[in-house]
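Visitor: Handing over final_8.cif, mmCIF, C-alpha atoms.
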```cif
data_start
loop_
_atom_site.label_atom_id
_atom_site.label_comp_id
_atom_site.auth_asym_id
_atom_site.auth_seq_id
_atom_site.Cartn_x
_atom_site.Cartn_y
_atom_site.Cartn_z
CA MET A 26 -75.36 144.60 41.77
CA ASN A 27 -76.12 144.35 38.04
CA THR A 28 -72.85 145.67 36.60
CA PHE A 29 -69.34 145.90 37.97
CA PHE A 30 -66.99 148.42 36.41
CA ASN A 31 -66.08 151.01 39.04
CA VAL A 32 -65.55 151.30 42.77
CA ALA A 33 -68.98 152.93 43.15
CA ASP A 34 -70.57 149.69 41.96
CA ILE A 35 -69.29 147.84 45.04
CA GLY A 36 -71.01 150.22 47.44
CA ASP A 37 -69.43 150.80 50.84
CA LEU A 38 -65.78 149.82 50.39
CA GLY A 39 -65.25 149.07 54.07
CA GLN A 40 -68.13 146.59 53.98
CA ALA A 41 -66.75 145.04 50.79
CA LEU A 42 -63.34 144.55 52.44
CA GLN A 43 -65.01 142.91 55.43
CA GLU A 44 -66.93 140.64 53.07
CA ALA A 45 -63.68 139.76 51.31
CA LYS A 46 -62.23 138.71 54.67
CA GLU A 47 -65.24 136.47 55.31
CA VAL A 48 -65.14 134.95 51.83
CA LYS A 49 -61.42 134.26 52.13
CA ALA A 50 -62.04 132.40 55.39
CA ASN A 51 -64.88 130.35 53.85
CA ARG A 52 -64.47 130.21 50.07
CA PHE A 53 -66.94 127.37 49.57
CA GLY A 54 -69.59 128.59 51.98
CA TYR A 55 -71.84 130.16 49.36
CA GLN A 56 -72.16 127.39 46.77
CA GLN A 57 -75.94 127.32 46.96
CA LEU A 58 -75.96 130.80 45.39
CA GLY A 59 -74.35 129.54 42.18
CA LYS A 60 -76.08 126.17 41.89
CA ASN A 61 -77.44 125.73 38.34
CA LYS A 62 -76.18 129.20 37.39
CA THR A 63 -73.72 129.78 34.54
CA LEU A 64 -70.95 132.34 34.13
CA LEU A 65 -69.87 133.10 30.57
CA MET A 66 -66.33 134.51 30.46
CA ILE A 67 -65.52 136.24 27.16
CA PHE A 68 -61.93 137.11 26.27
CA PHE A 69 -61.03 139.46 23.45
CA ASN A 70 -57.48 139.51 24.82
CA ASN A 71 -54.98 137.18 26.48
CA SER A 72 -55.23 136.45 30.17
CA LEU A 73 -53.61 134.38 32.91
CA ARG A 74 -54.56 135.67 36.38
CA THR A 75 -57.94 137.08 35.33
CA ARG A 76 -59.00 133.88 33.61
CA LEU A 77 -57.82 131.50 36.32
CA SER A 78 -58.94 133.56 39.31
CA THR A 79 -62.40 134.43 37.97
CA GLN A 80 -63.08 130.86 36.88
CA LYS A 81 -61.91 129.57 40.28
CA ALA A 82 -64.10 132.12 42.08
CA ALA A 83 -67.16 131.04 40.07
CA MET A 84 -66.43 127.38 40.82
CA ASN A 85 -66.09 128.23 44.53
CA LEU A 86 -69.65 129.58 44.30
CA GLY A 87 -70.94 126.42 42.67
CA MET A 88 -71.37 127.93 39.21
CA ASN A 89 -71.02 126.35 35.80
CA VAL A 90 -68.43 128.20 33.72
CA ILE A 91 -68.14 128.67 29.94
CA VAL A 92 -64.94 130.29 28.64
CA LEU A 93 -64.93 131.81 25.16
CA ASP A 94 -61.72 133.07 23.57
CA VAL A 95 -63.07 135.23 20.77
CA ASN A 96 -59.78 135.22 18.88
CA ALA A 97 -59.33 131.45 18.92
CA GLY A 98 -62.73 129.82 19.32
CA ALA A 99 -65.33 131.94 17.56
CA TRP A 100 -66.11 133.80 14.36
CA LYS A 101 -64.22 137.07 14.03
CA LEU A 102 -66.49 139.75 15.40
CA GLU A 103 -67.24 143.18 13.97
CA THR A 104 -67.66 145.78 16.70
CA GLU A 105 -68.56 148.96 14.79
CA ARG A 106 -71.93 149.92 13.36
CA GLY A 107 -72.60 151.10 9.82
CA VAL A 108 -69.88 149.02 8.19
CA ILE A 109 -70.09 146.80 5.12
CA MET A 110 -68.95 143.42 6.40
CA ASP A 111 -67.06 142.28 3.31
CA GLY A 112 -63.79 141.54 5.13
CA ASP A 113 -62.65 138.77 7.44
CA LYS A 114 -65.26 139.44 10.17
CA SER A 115 -68.20 137.08 9.77
CA GLU A 116 -70.45 138.05 12.69
CA HIS A 117 -71.47 141.32 14.29
CA LEU A 118 -71.23 141.79 18.01
CA LEU A 119 -74.83 143.03 18.04
CA GLU A 120 -76.09 139.58 17.05
CA ALA A 121 -73.46 137.66 18.99
CA ILE A 122 -74.17 139.39 22.31
CA PRO A 123 -77.86 138.46 22.71
CA VAL A 124 -77.02 134.92 21.60
CA MET A 125 -74.38 134.72 24.31
CA GLY A 126 -76.93 135.98 26.81
CA CYS A 127 -79.18 133.01 26.00
CA TYR A 128 -76.61 130.58 27.43
CA CYS A 129 -75.72 132.13 30.78
CA ASP A 130 -76.82 134.05 33.86
CA ILE A 131 -73.82 136.38 34.17
CA ILE A 132 -71.39 137.64 31.53
CA ALA A 133 -67.81 138.64 32.32
CA VAL A 134 -65.91 140.48 29.57
CA ARG A 135 -62.25 141.28 28.97
CA SER A 136 -61.49 143.73 26.17
CA PHE A 137 -58.46 146.01 26.00
CA ALA A 138 -58.16 149.52 24.62
CA GLY A 139 -57.24 149.83 20.97
CA LEU A 140 -55.14 152.92 21.84
CA LYS A 141 -55.97 154.52 18.49
CA ASP A 142 -59.25 156.34 19.12
CA ARG A 143 -59.54 157.86 22.59
CA ASP A 144 -63.22 158.65 22.23
CA PHE A 145 -64.04 155.06 21.19
CA ASP A 146 -62.01 153.59 24.06
CA TYR A 147 -63.17 155.95 26.79
CA ALA A 148 -66.80 155.51 25.76
CA GLU A 149 -66.29 151.82 26.60
CA THR A 150 -67.95 151.05 23.28
CA ILE A 151 -67.51 147.27 23.36
CA VAL A 152 -68.44 146.42 26.95
CA ASN A 153 -71.36 148.84 26.97
CA GLN A 154 -72.85 146.88 24.08
CA PHE A 155 -72.84 143.84 26.36
CA VAL A 156 -74.64 145.85 29.03
CA LYS A 157 -77.22 147.08 26.54
CA TYR A 158 -77.91 143.96 24.49
CA SER A 159 -77.10 140.86 26.56
CA GLY A 160 -79.95 141.06 29.06
CA ARG A 161 -77.52 139.78 31.70
CA PRO A 162 -75.42 141.32 34.51
CA VAL A 163 -72.00 142.28 33.17
CA VAL A 164 -68.73 142.08 35.10
CA ALA A 165 -65.62 143.81 33.76
CA MET A 166 -62.56 141.55 33.67
CA GLU A 167 -60.68 144.60 32.28
CA THR A 168 -61.97 147.06 29.75
CA ALA A 169 -60.52 149.86 27.66
CA THR A 170 -60.32 152.12 30.72
CA VAL A 171 -60.72 150.09 33.93
CA HIS A 172 -59.64 146.86 35.64
CA PRO A 173 -61.77 146.80 38.81
CA LEU A 174 -61.15 143.16 39.81
CA GLN A 175 -57.42 143.92 39.94
CA ALA A 176 -57.90 147.16 41.86
CA PHE A 177 -60.21 145.45 44.36
CA ALA A 178 -57.60 142.73 44.90
CA ASP A 179 -54.91 145.41 45.35
CA THR A 180 -57.08 147.14 47.94
CA ILE A 181 -57.63 143.86 49.80
CA THR A 182 -53.87 143.21 49.77
CA ILE A 183 -53.00 146.62 51.20
CA ALA A 184 -55.69 146.35 53.88
CA GLU A 185 -54.46 142.88 54.90
CA LYS A 186 -50.81 143.88 55.11
CA TRP A 187 -51.56 147.11 56.97
CA HIS A 188 -53.68 145.21 59.50
CA GLU A 189 -50.95 142.59 59.86
CA LEU A 190 -48.40 145.32 60.60
CA GLY A 191 -50.69 146.72 63.29
CA HIS A 192 -50.62 150.34 62.11
CA THR A 193 -53.48 152.69 62.90
CA ARG A 194 -52.41 155.64 60.74
CA ARG A 195 -53.31 155.95 57.06
CA PRO A 196 -50.69 154.36 54.80
CA LYS A 197 -48.96 156.36 52.09
CA VAL A 198 -49.51 154.61 48.77
CA VAL A 199 -47.51 155.70 45.73
CA MET A 200 -48.37 154.66 42.19
CA THR A 201 -45.35 155.26 40.01
CA TRP A 202 -45.08 155.12 36.24
CA ALA A 203 -42.24 152.95 34.96
CA PRO A 204 -40.80 152.48 31.46
CA HIS A 205 -41.97 149.79 29.02
CA CYS A 206 -41.14 148.66 25.50
CA ARG A 207 -44.79 148.66 24.35
CA ALA A 208 -47.69 151.08 24.55
CA LEU A 209 -49.98 149.86 27.33
CA PRO A 210 -53.54 150.91 28.26
CA GLN A 211 -54.42 153.03 31.27
CA ALA A 212 -56.98 150.57 32.68
CA VAL A 213 -54.92 149.31 35.63
CA PRO A 214 -53.63 152.72 36.78
CA ASN A 215 -57.07 154.28 36.26
CA SER A 216 -58.74 151.71 38.50
CA PHE A 217 -55.94 151.67 41.06
CA ALA A 218 -56.22 155.45 41.43
CA GLN A 219 -60.00 155.27 41.66
CA TRP A 220 -60.02 152.55 44.31
CA MET A 221 -57.21 154.08 46.37
CA ASN A 222 -59.06 157.40 46.40
CA ALA A 223 -62.04 155.56 47.87
CA ALA A 224 -59.90 153.68 50.41
CA ASP A 225 -58.48 154.89 53.71
CA VAL A 226 -55.05 155.77 52.29
CA ASP A 227 -53.04 158.79 51.17
CA LEU A 228 -52.43 158.39 47.44
CA VAL A 229 -49.60 159.98 45.47
CA ILE A 230 -49.25 159.44 41.72
CA THR A 231 -45.91 160.11 40.07
CA HIS A 232 -45.05 160.07 36.37
CA PRO A 233 -43.25 162.12 33.72
CA GLU A 234 -45.08 165.10 32.29
CA GLY A 235 -47.51 164.12 29.56
CA TYR A 236 -48.73 160.97 31.32
CA GLU A 237 -51.51 162.64 33.31
CA LEU A 238 -54.44 160.25 33.85
CA ASP A 239 -58.04 161.33 33.46
CA GLU A 240 -59.16 163.31 36.51
CA LYS A 241 -62.37 161.28 36.78
CA PHE A 242 -60.10 158.53 38.13
CA THR A 243 -57.42 160.54 39.94
CA ALA A 244 -59.39 163.38 41.56
CA GLY A 245 -58.30 163.58 45.19
CA ALA A 246 -54.83 162.13 44.64
CA GLN A 247 -51.62 164.14 44.90
CA ILE A 248 -49.77 164.35 41.58
CA GLU A 249 -45.98 164.63 41.88
CA TYR A 250 -43.61 164.75 38.88
CA ASP A 251 -40.49 164.22 41.01
CA GLN A 252 -40.35 160.45 41.54
CA ARG A 253 -37.90 160.58 44.44
CA LYS A 254 -39.99 163.15 46.28
CA ALA A 255 -43.10 161.04 45.70
CA LEU A 256 -41.49 157.84 47.00
CA GLU A 257 -40.13 159.40 50.19
CA GLY A 258 -41.93 157.84 53.14
CA ALA A 259 -44.05 155.53 50.98
CA ASP A 260 -45.51 152.46 52.69
CA PHE A 261 -46.61 150.83 49.42
CA VAL A 262 -45.12 151.31 45.95
CA TYR A 263 -47.33 150.31 43.03
CA ALA A 264 -45.30 150.34 39.81
CA LYS A 265 -47.09 150.37 36.48
CA ASN A 266 -46.50 151.55 32.95
CA TRP A 267 -49.15 153.27 30.86
CA SER A 268 -49.11 155.03 27.52
CA CYS A 269 -50.13 158.65 27.08
CA PRO A 270 -53.78 159.07 28.12
CA GLY A 271 -54.22 161.97 25.71
CA VAL A 272 -56.00 164.12 28.27
CA SER A 273 -54.57 167.42 27.06
CA ASN A 274 -53.84 166.34 23.48
CA LYS A 275 -55.86 163.52 21.90
CA ALA A 276 -53.28 163.25 19.13
CA ASP A 277 -50.82 161.82 21.68
CA TYR A 278 -53.26 159.18 22.94
CA GLY A 279 -51.64 155.76 23.17
CA LYS A 280 -48.15 157.03 22.40
CA ILE A 281 -44.94 156.26 24.28
CA LEU A 282 -43.60 159.65 25.32
CA SER A 283 -40.72 158.41 27.46
CA LYS A 284 -38.53 155.35 28.00
CA ASP A 285 -36.56 156.93 30.82
CA MET A 286 -34.94 154.00 32.64
CA SER A 287 -34.30 156.12 35.71
CA TRP A 288 -37.95 155.44 36.62
CA THR A 289 -37.34 151.65 36.91
CA ILE A 290 -37.90 150.54 40.51
CA ASP A 291 -34.68 149.20 42.01
CA THR A 292 -33.24 148.92 45.51
CA GLU A 293 -32.21 152.58 45.50
CA HIS A 294 -35.78 153.65 44.74
CA MET A 295 -37.11 151.42 47.52
CA SER A 296 -34.53 152.86 49.93
CA TRP A 297 -36.33 156.20 49.64
CA THR A 298 -39.50 154.66 51.05
CA ASN A 299 -40.59 153.88 54.59
CA ASN A 300 -39.41 150.27 54.33
CA GLY A 301 -42.11 150.07 51.66
CA TRP A 302 -43.81 147.11 50.05
CA PHE A 303 -43.58 146.60 46.30
CA MET A 304 -46.72 145.91 44.26
CA HIS A 305 -47.49 145.18 40.61
CA CYS A 306 -50.50 143.63 38.87
CA LEU A 307 -48.42 141.21 36.75
CA PRO A 308 -47.29 140.24 34.19
CA VAL A 309 -44.23 142.40 34.68
CA ARG A 310 -41.24 143.10 32.44
CA ARG A 311 -38.23 142.61 34.70
CA GLY A 312 -35.47 145.12 34.12
CA LEU A 313 -37.95 147.67 32.76
CA ILE A 314 -40.61 148.04 35.44
CA VAL A 315 -38.65 146.54 38.34
CA THR A 316 -35.34 144.84 39.02
CA ASP A 317 -35.03 141.18 40.04
CA ASN A 318 -33.86 141.92 43.56
CA VAL A 319 -36.90 144.11 44.31
CA ILE A 320 -39.59 141.82 42.93
CA GLU A 321 -37.95 138.79 44.57
CA SER A 322 -37.45 140.51 47.94
CA ASP A 323 -39.41 139.69 51.08
CA HIS A 324 -41.11 143.07 50.65
CA SER A 325 -42.70 142.09 47.35
CA LEU A 326 -46.48 141.57 47.43
CA VAL A 327 -47.01 140.52 43.83
CA ILE A 328 -47.96 136.93 44.70
CA PRO A 329 -50.42 137.82 47.51
CA GLU A 330 -51.97 140.35 45.10
CA ALA A 331 -52.43 137.66 42.48
CA ALA A 332 -53.90 135.27 45.06
CA ASN A 333 -56.40 137.91 46.13
CA ARG A 334 -57.71 138.10 42.57
CA GLU A 335 -59.72 134.97 43.41
CA ILE A 336 -61.19 136.73 46.45
CA SER A 337 -62.12 139.96 44.68
CA ALA A 338 -63.81 138.00 41.91
CA GLU A 339 -65.70 135.82 44.36
CA VAL A 340 -67.05 138.79 46.31
CA VAL A 341 -68.22 140.44 43.10
CA LEU A 342 -69.84 137.31 41.67
CA LYS A 343 -71.44 136.55 45.04
CA ARG A 344 -73.05 139.97 45.09
CA VAL A 345 -74.28 139.64 41.50
CA LEU A 346 -75.78 136.22 42.27
CA GLU A 347 -77.52 137.64 45.34
CA SER A 348 -79.18 140.25 43.12
CA LEU A 349 -80.51 137.78 40.53
#
```
Spit out the file's structure as structure tokens when you get a sec.

Guide:
Amino acid sequence: MNTFFNVADIGDLGQALQEAKEVKANRFGYQQLGKNKTLLMIFFNNSLRTRLSTQKAAMNLGMNVIVLDVNAGAWKLETERGVIMDGDKSEHLLEAIPVMGCYCDIIAVRSFAGLKDRDFDYAETIVNQFVKYSGRPVVAMETATVHPLQAFADTITIAEKWHELGHTRRPKVVMTWAPHCRALPQAVPNSFAQWMNAADVDLVITHPEGYELDEKFTAGAQIEYDQRKALEGADFVYAKNWSCPGVSNKADYGKILSKDMSWTIDTEHMSWTNNGWFMHCLPVRRGLIVTDNVIESDHSLVIPEAANREISAEVVLKRVLESL
């Protein structure tokens, strides 16, 4: 595996979930793979779980780790071509990337959507430059449009809980939009939809009109605009905000079209489910996305999800190391 951005990159998802189970049972069993190998983690944006879990996963594999916060520990980087660099950006990404590649064996990149230019974001302009110019395998730690390490961890969490409960039927998984005070990217919901469509689940996506995600991520899912109808009988409820994806109107891309608080997940919403389990990628705005009593309930999976971020990252890095 030379790049990791989408569920297709992981290959057979059932095999990947089995490998995750094995890695979780023996986290330090593959250290020879990473001996004398270096992971460079590059952050264009803030991070807590992604930074800690990916670094821990690399250390589990015996790797050296270099962490670069572009906004705090490097020259300001220009990302666009054809510009006159007479502002505050001292170095171009096209020189910085091959230099970074000189110091590592694998590059992991985190770069959010700008939410101003849909074409620029959905072309994955920044991370694709790393793929093209670094000469190294590239792992997405969240990009403008996807967050595959999170979605893989979510998939592991659902599979574990469903196995623990002893069910043999397919679970109903509902991803519901929820209100937020800021415009957020679509990376997490895009990847969650993509990975759930590849998993052995029945996926329903519910959101107000105007928040339709790109069909290249949601194809195969049921779209339901009535939140209550969507949540009825749900086994897992994945709450997440996202700004307008601009699918039908690029002019609306990145905008907040609704702050309808009736979409906030509370105990009434969870009462519509099949004794469902609450999920969120974190960080979460309490009172907007979810109420205290739901996220603190014994049916909240937010901490197991976060813990499984280490496992998803370790499986991915293990596979990349095996391909070197």

Visitor: Using only C-alpha atoms, what table do you get, as a tab-separated table, when you list each residue of segment 118-168 of chain A with an atom no more than 8 Å from segment 188-212 of chain A, its nearest pair of atoms, and their distance in Å rounded to one decimal, rows by chain then rising number?

Guide:
```
residue	atom	partner	partner_atom	distance
A:Phe137	CA	A:Pro210	CA	7.3
A:Ala138	CA	A:Pro210	CA	6.0
A:Leu140	CA	A:Pro210	CA	6.9
A:Glu167	CA	A:Ala212	CA	7.0
A:Thr168	CA	A:Ala212	CA	6.8
```

Visitor: Quick one: of A:Asp277, A:Glu44, A:Glu347, A:Glu234, who's nearest to Ile181 of chain A, counting only C-alpha atoms?

Guide: A:Glu44

Visitor: Quick one: distance from atom CA of Pro233 of chain A to atom CA of Phe261 of chain A in Å, one decimal?

Guide: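 Atom CA of Phe261 of chain A lies at a distance of 19.6 Å from atom CA of Pro233 of chain A.
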
Visitor: Which residues would end up in the selection if the PyMOL selection byres ((chain A and resi 114) around 6) were applied here, given that I need the answer as a list in words?

Guide: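 So the PyMOL selection byres ((chain A and resi 114) around 6) ends up selecting Lys101, Leu102, Glu103, Gly112, Asp113, Ser115 and Glu116 of chain A.
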
Visitor: I need the residue nearest Ala178 of chain A from this list: A:Leu119, A:Val213, A:Val163, A:Val92. Use all atoms listed in the file for the distance.

Guide: A:Val213

Visitor: Env of Asn27 of chain A: 8 Å cut, atoms = only C-alpha atoms, seq-sep filter 6 positions within chain, self excluded. Answer as an MDAnalysis selection string.

Guide: chainID A and resid 161:163 345 348

Visitor: Using C-alpha atoms, can you write the selected residues to a file as a CSV table (one decimal), in the coordinates of the input?

Guide:
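Writing the result to result29.csv gives the following:
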```csv
chain,number,residue,atom,x,y,z
A,161,ARG,CA,-77.5,139.8,31.7
A,162,PRO,CA,-75.4,141.3,34.5
A,163,VAL,CA,-72.0,142.3,33.2
A,345,VAL,CA,-74.3,139.6,41.5
A,348,SER,CA,-79.2,140.2,43.1
```

Visitor: Applying 10 Å and only C-alpha atoms, which residues near Glu47 of chain A remain after dropping the ones on its own chain fewer than 5 positions away? List them as a list in words.

Guide: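 What passes the distance filter is Ala41, Leu42, Arg52, Gly54, Ile336 and Val340 of chain A.
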
Visitor: Quick one: distance from atom CA of Glu339 of chain A to atom CA of Phe53 of chain A in Å, one decimal?

Guide: 10.0 Å

Visitor: Given the file above and the PyMOL selection byres ((chain A and resi 301) around 12), which residues are selected, and can you give them as a ChimeraX atom specification?

Guide: /A:183,186-187,190,196-199,256-263,290,292-300,302-304,319,322-326

Visitor: Using the chain letters and numbers from this file, what does the PyMOL selection byres ((chain A and resi 126) around 9) select? Give the answer as a CSV table (one decimal) with C-alpha atoms, in the coordinates of the input.

Guide:
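Produced file out-v2.csv, reproduced below:
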```csv
chain,number,residue,atom,x,y,z
A,65,LEU,CA,-69.9,133.1,30.6
A,121,ALA,CA,-73.5,137.7,19.0
A,122,ILE,CA,-74.2,139.4,22.3
A,123,PRO,CA,-77.9,138.5,22.7
A,124,VAL,CA,-77.0,134.9,21.6
A,125,MET,CA,-74.4,134.7,24.3
A,127,CYS,CA,-79.2,133.0,26.0
A,128,TYR,CA,-76.6,130.6,27.4
A,129,CYS,CA,-75.7,132.1,30.8
A,130,ASP,CA,-76.8,134.0,33.9
A,131,ILE,CA,-73.8,136.4,34.2
A,132,ILE,CA,-71.4,137.6,31.5
A,155,PHE,CA,-72.8,143.8,26.4
A,158,TYR,CA,-77.9,144.0,24.5
A,159,SER,CA,-77.1,140.9,26.6
A,160,GLY,CA,-80.0,141.1,29.1
A,161,ARG,CA,-77.5,139.8,31.7
```

Visitor: Find the spatial neighbours of Gln57 of chain A, counting all atoms listed in the file, within a cut-off of 10 Å - ignore same-chain residues fewer than 5 positions away - and output them as a ChimeraX atom specification.

Guide: /A:62,86-88

Visitor: Would you save the residues of that selection, restricted to C-alpha atoms, as a short mmCIF file (atom, residue, chain, number, x, y, z; two decimals), in the frame of the given file?

Guide:
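To be explicit, this is the file written out as out-v3.cif:
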```cif
data_model
loop_
_atom_site.label_atom_id
_atom_site.label_comp_id
_atom_site.auth_asym_id
_atom_site.auth_seq_id
_atom_site.Cartn_x
_atom_site.Cartn_y
_atom_site.Cartn_z
CA LYS A 62 -76.18 129.20 37.39
CA LEU A 86 -69.65 129.58 44.30
CA GLY A 87 -70.94 126.42 42.67
CA MET A 88 -71.37 127.93 39.21
#
```

Visitor: Quote the spacing between atom CA of Met84 of chain A and atom CA of Leu64 of chain A in Å to one decimal place.

Guide: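 Distance reported for this atom pair: 9.5 Å.
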
Visitor: Can you work out which one of A:Ala184, A:Ala97, A:Val90, A:Cys269 has the shortest atom-to-atom distance to Pro214 of chain A, counting all atoms listed in the file?

Guide: A:Cys269

Visitor: Could you check the closest approach to Lys280 of chain A for each of A:Asn96, A:Ala148, A:Tyr236, A:Ala223 and tell me which residue wins, using only C-alpha atoms?

Guide: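 Looking at the shortest contact to Lys280 of chain A, the residue is A:Tyr236.
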
Visitor: Could you give me the axis-aligned bounding box of segment 139-144 of chain A, with 8 Å of padding per side, as centre plus edge lengths in Å to one decimal, as AutoDock Vina command-line options?

Guide:
```
--center_x -59.2 --center_y 154.2 --center_z 20.5 --size_x 24.1 --size_y 24.8 --size_z 20.1
```

Visitor: Quick one: residues within 12 Å of (-58.5, 154.9, 33.4) (file frame), counting all atoms listed in the file, please, as an mmCIF file with C-alpha atoms, keeping the file's coordinate frame.

Guide:
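Dumped everything to part.cif:
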```
data_model
loop_
_atom_site.group_PDB
_atom_site.id
_atom_site.type_symbol
_atom_site.label_atom_id
_atom_site.label_comp_id
_atom_site.auth_asym_id
_atom_site.auth_seq_id
_atom_site.Cartn_x
_atom_site.Cartn_y
_atom_site.Cartn_z
ATOM 1 C CA PHE A 30 -66.990 148.420 36.410
ATOM 2 C CA ASN A 31 -66.080 151.010 39.040
ATOM 3 C CA PHE A 137 -58.460 146.010 26.000
ATOM 4 C CA ALA A 138 -58.160 149.520 24.620
ATOM 5 C CA ARG A 143 -59.540 157.860 22.590
ATOM 6 C CA ASP A 146 -62.010 153.590 24.060
ATOM 7 C CA TYR A 147 -63.170 155.950 26.790
ATOM 8 C CA ALA A 148 -66.800 155.510 25.760
ATOM 9 C CA GLU A 149 -66.290 151.820 26.600
ATOM 10 C CA GLU A 167 -60.680 144.600 32.280
ATOM 11 C CA THR A 168 -61.970 147.060 29.750
ATOM 12 C CA ALA A 169 -60.520 149.860 27.660
ATOM 13 C CA THR A 170 -60.320 152.120 30.720
ATOM 14 C CA VAL A 171 -60.720 150.090 33.930
ATOM 15 C CA HIS A 172 -59.640 146.860 35.640
ATOM 16 C CA PRO A 173 -61.770 146.800 38.810
ATOM 17 C CA ALA A 176 -57.900 147.160 41.860
ATOM 18 C CA LEU A 209 -49.980 149.860 27.330
ATOM 19 C CA PRO A 210 -53.540 150.910 28.260
ATOM 20 C CA GLN A 211 -54.420 153.030 31.270
ATOM 21 C CA ALA A 212 -56.980 150.570 32.680
ATOM 22 C CA VAL A 213 -54.920 149.310 35.630
ATOM 23 C CA PRO A 214 -53.630 152.720 36.780
ATOM 24 C CA ASN A 215 -57.070 154.280 36.260
ATOM 25 C CA SER A 216 -58.740 151.710 38.500
ATOM 26 C CA PHE A 217 -55.940 151.670 41.060
ATOM 27 C CA ALA A 218 -56.220 155.450 41.430
ATOM 28 C CA GLN A 219 -60.000 155.270 41.660
ATOM 29 C CA TRP A 220 -60.020 152.550 44.310
ATOM 30 C CA TYR A 236 -48.730 160.970 31.320
ATOM 31 C CA GLU A 237 -51.510 162.640 33.310
ATOM 32 C CA LEU A 238 -54.440 160.250 33.850
ATOM 33 C CA ASP A 239 -58.040 161.330 33.460
ATOM 34 C CA GLU A 240 -59.160 163.310 36.510
ATOM 35 C CA LYS A 241 -62.370 161.280 36.780
ATOM 36 C CA PHE A 242 -60.100 158.530 38.130
ATOM 37 C CA THR A 243 -57.420 160.540 39.940
ATOM 38 C CA ALA A 244 -59.390 163.380 41.560
ATOM 39 C CA TRP A 267 -49.150 153.270 30.860
ATOM 40 C CA SER A 268 -49.110 155.030 27.520
ATOM 41 C CA CYS A 269 -50.130 158.650 27.080
ATOM 42 C CA PRO A 270 -53.780 159.070 28.120
ATOM 43 C CA GLY A 271 -54.220 161.970 25.710
ATOM 44 C CA VAL A 272 -56.000 164.120 28.270
#
```

Visitor: Using all atoms listed in the file, pick whichever of A:Leu342, A:Ala224, A:Ser283, A:Gln252 has the shortest atom-to-atom distance to Asp179 of chain A.

Guide: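 Looking only at the distances to Asp179 of chain A, the closest residue turns out to be A:Ala224.
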
Visitor: May I ask which of the residues A:Met26, A:Ala338, A:Val134, A:Met286 is the closest one to Ala165 of chain A, counting all atoms listed in the file?

Guide: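 The shortest atom-to-atom distance to Ala165 of chain A comes from A:Val134.
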